[in-house]
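> This is target-v7.txt (compact mmCIF, C-alpha atoms (C1' of nucleotides)).
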```
# COMPACT_ATOMS: atom_id res chain seq x y z
CA MET A 1 113.91 172.07 -37.31
CA PRO A 2 113.18 174.15 -34.21
CA LEU A 3 113.82 172.36 -30.96
CA THR A 4 111.53 173.01 -28.03
CA PHE A 5 112.12 172.47 -24.34
CA GLU A 6 109.49 169.73 -24.48
CA ASP A 7 111.53 167.87 -27.11
CA VAL A 8 114.38 167.84 -24.64
CA TYR A 9 112.23 166.74 -21.71
CA ARG A 10 110.73 163.93 -23.76
CA VAL A 11 114.14 162.38 -24.28
CA VAL A 12 115.37 163.03 -20.74
CA ARG A 13 112.32 161.25 -19.33
CA LEU A 14 113.40 158.12 -21.21
CA ILE A 15 116.71 157.82 -19.37
CA PRO A 16 116.29 154.82 -17.07
CA LYS A 17 116.93 155.01 -13.35
CA GLY A 18 120.56 154.30 -12.56
CA ARG A 19 121.80 155.51 -15.96
CA VAL A 20 122.85 158.87 -17.43
CA MET A 21 123.17 160.67 -20.76
CA SER A 22 125.31 163.54 -21.94
CA TYR A 23 123.89 166.89 -23.03
CA SER A 24 125.17 166.20 -26.52
CA GLY A 25 123.62 162.74 -26.47
CA VAL A 26 120.24 164.18 -25.63
CA ALA A 27 120.69 166.75 -28.39
CA ARG A 28 121.53 164.00 -30.89
CA LEU A 29 118.43 162.01 -30.02
CA CYS A 30 116.38 165.18 -30.40
CA GLY A 31 117.66 165.39 -33.96
CA ALA A 32 119.74 168.50 -33.28
CA PRO A 33 123.31 167.25 -32.75
CA ARG A 34 124.79 170.73 -32.38
CA SER A 35 122.35 171.91 -29.75
CA ALA A 36 123.92 170.50 -26.61
CA ARG A 37 123.95 173.96 -25.12
CA TYR A 38 120.26 174.26 -25.71
CA VAL A 39 119.69 171.08 -23.70
CA GLY A 40 121.37 172.88 -20.83
CA PHE A 41 119.03 175.82 -21.27
CA ALA A 42 116.03 173.54 -21.13
CA LEU A 43 117.25 171.84 -17.97
CA HIS A 44 118.05 175.17 -16.39
CA ALA A 45 114.40 176.13 -16.79
CA LEU A 46 113.52 173.20 -14.54
CA LEU A 47 115.10 175.00 -11.59
CA HIS A 48 112.17 177.37 -11.62
CA ARG A 49 109.53 174.73 -12.13
CA ASN A 50 109.65 171.01 -12.82
CA PRO A 51 106.00 170.02 -12.99
CA ARG A 52 106.43 166.75 -14.79
CA GLY A 53 109.28 165.34 -12.79
CA VAL A 54 111.88 165.46 -15.53
CA PRO A 55 114.93 163.56 -14.16
CA TRP A 56 117.43 166.35 -14.82
CA TRP A 57 120.04 164.75 -12.56
CA ARG A 58 120.59 161.99 -15.13
CA VAL A 59 122.19 164.45 -17.57
CA VAL A 60 125.94 165.11 -17.29
CA ASN A 61 128.50 166.45 -19.72
CA VAL A 62 130.16 164.35 -22.38
CA HIS A 63 133.05 163.49 -20.06
CA GLY A 64 130.67 162.17 -17.42
CA ARG A 65 131.15 165.23 -15.27
CA ILE A 66 128.38 166.95 -13.33
CA SER A 67 128.37 170.43 -14.84
CA ASN A 68 125.32 171.76 -13.07
CA ILE A 69 126.68 174.71 -11.07
CA TYR A 70 123.46 175.29 -9.14
CA ALA A 71 122.94 172.00 -7.33
CA PRO A 72 125.88 169.72 -8.05
CA LEU A 73 125.74 167.97 -4.69
CA GLU A 74 122.04 167.34 -4.97
CA GLN A 75 122.66 165.87 -8.40
CA GLN A 76 125.41 163.67 -6.98
CA ARG A 77 123.15 162.53 -4.15
CA ARG A 78 120.28 161.69 -6.49
CA LEU A 79 122.57 159.70 -8.79
CA GLU A 80 124.13 157.79 -5.92
CA ALA A 81 120.65 157.04 -4.58
CA GLU A 82 120.04 155.24 -7.87
CA GLY A 83 123.25 153.26 -7.65
CA VAL A 84 125.39 155.43 -9.92
CA GLN A 85 128.95 155.79 -8.63
CA VAL A 86 130.19 159.38 -8.61
CA ASP A 87 133.85 160.01 -7.93
CA GLU A 88 135.48 162.84 -5.99
CA ALA A 89 135.79 164.95 -9.15
CA LEU A 90 132.01 164.68 -9.64
CA ARG A 91 132.45 162.29 -12.54
CA VAL A 92 130.68 159.11 -13.52
CA ASP A 93 131.97 156.35 -15.81
CA MET A 94 130.25 156.97 -19.14
CA GLN A 95 131.35 153.59 -20.50
CA ARG A 96 129.32 152.05 -17.75
CA TYR A 97 126.33 154.34 -17.36
CA ASP A 98 125.66 156.12 -20.66
CA ALA A 99 122.13 155.20 -21.76
CA GLU A 100 122.22 156.87 -25.19
CA GLU A 101 122.11 153.63 -27.19
CA LEU A 102 119.39 152.23 -24.97
CA VAL A 103 117.22 155.31 -25.33
CA ALA A 104 117.93 155.51 -29.05
CA ALA A 105 116.69 151.95 -29.42
CA ARG A 106 113.60 152.75 -27.42
CA LEU A 107 112.90 155.78 -29.62
CA ARG A 108 113.25 153.62 -32.74
CA THR A 109 110.91 151.01 -31.33
CA HIS A 110 108.35 153.53 -30.26
CA ARG A 111 108.55 155.01 -33.73
CA SER A 112 110.42 158.30 -34.05
CA LEU A 113 110.68 161.25 -31.73
CA ARG A 114 107.16 161.84 -30.53
C1' DC B 1 106.66 193.15 -27.79
C1' DC B 2 111.76 192.24 -27.69
C1' DA B 3 116.37 191.78 -25.76
C1' DA B 4 118.66 189.12 -22.53
C1' DT B 5 119.34 184.84 -20.93
C1' DG B 6 121.19 180.53 -20.21
C1' DA B 7 123.36 172.88 -16.63
C1' DC B 8 127.38 172.55 -23.52
C1' DC B 9 130.44 170.56 -27.23
C1' DG B 10 133.59 169.95 -30.88
C1' DT B 11 137.47 171.73 -33.12
C1' DA B 12 141.69 174.12 -33.29
C1' DA B 13 145.85 176.27 -31.71
C1' DG C 1 146.81 169.57 -20.06
C1' DT C 2 145.09 174.86 -21.47
C1' DT C 3 142.11 178.84 -23.88
C1' DA C 4 139.14 180.51 -27.55
C1' DC C 5 135.48 180.49 -30.60
C1' DG C 6 131.22 179.46 -33.22
C1' DG C 7 127.02 176.87 -33.42
C1' DC C 8 122.46 176.73 -31.16
C1' DC C 9 117.16 179.25 -30.12
C1' DA C 10 112.81 178.97 -27.11
C1' DT C 11 111.54 181.17 -23.11
C1' DT C 12 110.71 185.03 -20.26
C1' DG C 13 110.76 189.51 -17.54
```
Hey, can you dump this file as structure tokens for me?

Amino acid sequence: MPLTFEDVYRVVRLIPKGRVMSYSGVARLCGAPRSARYVGFALHALLHRNPRGVPWWRVVNVHGRISNIYAPLEQQRRLEAEGVQVDEALRVDMQRYDAEELVAARLRTHRSLR
DNA sequence: CCAATGACCGTAA
DNA sequence: GTTACGGCCATTG
């Protein structure tokens, strides 16, 4: 199944304030578990224009690390503003903040991926 | 139109 | 801990 940027944005918009998700987690919930890289491509496109306020800063890599090379400090600042602790290595505690299960449950409740 | 372009991840050595 | 590699594909200049 082809995965569009909008599919990615739809899931990212469901990440609650003060929580994060990994690129691979977003890919999984989009139904394309091997497309983590593609999630990065979709978020990269937001640098040019982010009309619908997609909360890109809530996506980090699977280790909890901020891997955005364009605006890492802005991402850190936005996360901290929401109460997410970011350490000196630009990492967050995934055990504590990963919202994948939460968002997955919300997707199930709201009936599938649309 | 079409080739280049990208914020990744899991596995293996 | 390290490097390497394949999977992934819509968007855009």
> Find the distance between CA of Leu90 in chain A and CA of Arg78 in chain A and write it in Å to one decimal.
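Separation of CA of Leu90 in chain A and CA of Arg78 in chain A: 12.5 Å.
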> Provide as a PyMOL selection string the residues of chain A at most 10 Å from chain B, counting all atoms listed in the file.
chain A and resi 22-24+33-45+47+56-57+59-62+66-72
> Hey, can you spit out that residue selection with C-alpha atoms as a PDB file, in the frame of the given file?

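Written out: part-v5.pdb:
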```
ATOM      1  CA  SER A  22     125.310 163.540 -21.940  1.00  0.00           C
ATOM      2  CA  TYR A  23     123.890 166.890 -23.030  1.00  0.00           C
ATOM      3  CA  SER A  24     125.170 166.200 -26.520  1.00  0.00           C
ATOM      4  CA  PRO A  33     123.310 167.250 -32.750  1.00  0.00           C
ATOM      5  CA  ARG A  34     124.790 170.730 -32.380  1.00  0.00           C
ATOM      6  CA  SER A  35     122.350 171.910 -29.750  1.00  0.00           C
ATOM      7  CA  ALA A  36     123.920 170.500 -26.610  1.00  0.00           C
ATOM      8  CA  ARG A  37     123.950 173.960 -25.120  1.00  0.00           C
ATOM      9  CA  TYR A  38     120.260 174.260 -25.710  1.00  0.00           C
ATOM     10  CA  VAL A  39     119.690 171.080 -23.700  1.00  0.00           C
ATOM     11  CA  GLY A  40     121.370 172.880 -20.830  1.00  0.00           C
ATOM     12  CA  PHE A  41     119.030 175.820 -21.270  1.00  0.00           C
ATOM     13  CA  ALA A  42     116.030 173.540 -21.130  1.00  0.00           C
ATOM     14  CA  LEU A  43     117.250 171.840 -17.970  1.00  0.00           C
ATOM     15  CA  HIS A  44     118.050 175.170 -16.390  1.00  0.00           C
ATOM     16  CA  ALA A  45     114.400 176.130 -16.790  1.00  0.00           C
ATOM     17  CA  LEU A  47     115.100 175.000 -11.590  1.00  0.00           C
ATOM     18  CA  TRP A  56     117.430 166.350 -14.820  1.00  0.00           C
ATOM     19  CA  TRP A  57     120.040 164.750 -12.560  1.00  0.00           C
ATOM     20  CA  VAL A  59     122.190 164.450 -17.570  1.00  0.00           C
ATOM     21  CA  VAL A  60     125.940 165.110 -17.290  1.00  0.00           C
ATOM     22  CA  ASN A  61     128.500 166.450 -19.720  1.00  0.00           C
ATOM     23  CA  VAL A  62     130.160 164.350 -22.380  1.00  0.00           C
ATOM     24  CA  ILE A  66     128.380 166.950 -13.330  1.00  0.00           C
ATOM     25  CA  SER A  67     128.370 170.430 -14.840  1.00  0.00           C
ATOM     26  CA  ASN A  68     125.320 171.760 -13.070  1.00  0.00           C
ATOM     27  CA  ILE A  69     126.680 174.710 -11.070  1.00  0.00           C
ATOM     28  CA  TYR A  70     123.460 175.290  -9.140  1.00  0.00           C
ATOM     29  CA  ALA A  71     122.940 172.000  -7.330  1.00  0.00           C
ATOM     30  CA  PRO A  72     125.880 169.720  -8.050  1.00  0.00           C
TER      31      PRO A  72
END
```
> What is the distance between CA of Met94 in chain A and CA of Arg19 in chain A, in Å to one decimal?
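Interatomic distance here is 9.1 Å.
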> Determine, for each residue of chain C having at least one atom at most 12 Å from an atom of chain A, the closest pair of atoms and their separation in Å to one decimal, counting all atoms listed in the file; order by chain and ascending number, as CSV.

```
residue,atom,partner,partner_atom,distance
C:DG6,C1',A:Arg34,CA,10.9
C:DG7,C1',A:Arg34,CA,6.6
C:DC8,C1',A:Ser35,CA,5.0
C:DC9,C1',A:Tyr38,CA,7.3
C:DA10,C1',A:Thr4,CA,6.2
C:DT11,C1',A:Ala45,CA,8.6
C:DT12,C1',A:Ala45,CA,10.2
```
> Grab the CA of Gly64 in chain A to CA of Val92 in chain A distance for me, in Å with one decimal place.
5.0 Å
> Please list, as a PDB file with C-alpha atoms, in the frame of the given file, the residues that have an atom at most 12 Å away from (125.7, 155.9, -8.0) in the coordinates of this file, counting all atoms listed in the file.

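Here's the written file out-v8.pdb:
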```
ATOM      1  CA  LYS A  17     116.930 155.010 -13.350  1.00  0.00           C
ATOM      2  CA  GLY A  18     120.560 154.300 -12.560  1.00  0.00           C
ATOM      3  CA  ARG A  19     121.800 155.510 -15.960  1.00  0.00           C
ATOM      4  CA  VAL A  20     122.850 158.870 -17.430  1.00  0.00           C
ATOM      5  CA  TRP A  57     120.040 164.750 -12.560  1.00  0.00           C
ATOM      6  CA  ARG A  58     120.590 161.990 -15.130  1.00  0.00           C
ATOM      7  CA  GLN A  75     122.660 165.870  -8.400  1.00  0.00           C
ATOM      8  CA  GLN A  76     125.410 163.670  -6.980  1.00  0.00           C
ATOM      9  CA  ARG A  77     123.150 162.530  -4.150  1.00  0.00           C
ATOM     10  CA  ARG A  78     120.280 161.690  -6.490  1.00  0.00           C
ATOM     11  CA  LEU A  79     122.570 159.700  -8.790  1.00  0.00           C
ATOM     12  CA  GLU A  80     124.130 157.790  -5.920  1.00  0.00           C
ATOM     13  CA  ALA A  81     120.650 157.040  -4.580  1.00  0.00           C
ATOM     14  CA  GLU A  82     120.040 155.240  -7.870  1.00  0.00           C
ATOM     15  CA  GLY A  83     123.250 153.260  -7.650  1.00  0.00           C
ATOM     16  CA  VAL A  84     125.390 155.430  -9.920  1.00  0.00           C
ATOM     17  CA  GLN A  85     128.950 155.790  -8.630  1.00  0.00           C
ATOM     18  CA  VAL A  86     130.190 159.380  -8.610  1.00  0.00           C
ATOM     19  CA  ASP A  87     133.850 160.010  -7.930  1.00  0.00           C
ATOM     20  CA  LEU A  90     132.010 164.680  -9.640  1.00  0.00           C
ATOM     21  CA  ARG A  91     132.450 162.290 -12.540  1.00  0.00           C
ATOM     22  CA  VAL A  92     130.680 159.110 -13.520  1.00  0.00           C
ATOM     23  CA  ASP A  93     131.970 156.350 -15.810  1.00  0.00           C
ATOM     24  CA  ARG A  96     129.320 152.050 -17.750  1.00  0.00           C
ATOM     25  CA  TYR A  97     126.330 154.340 -17.360  1.00  0.00           C
TER      26      TYR A  97
END
```
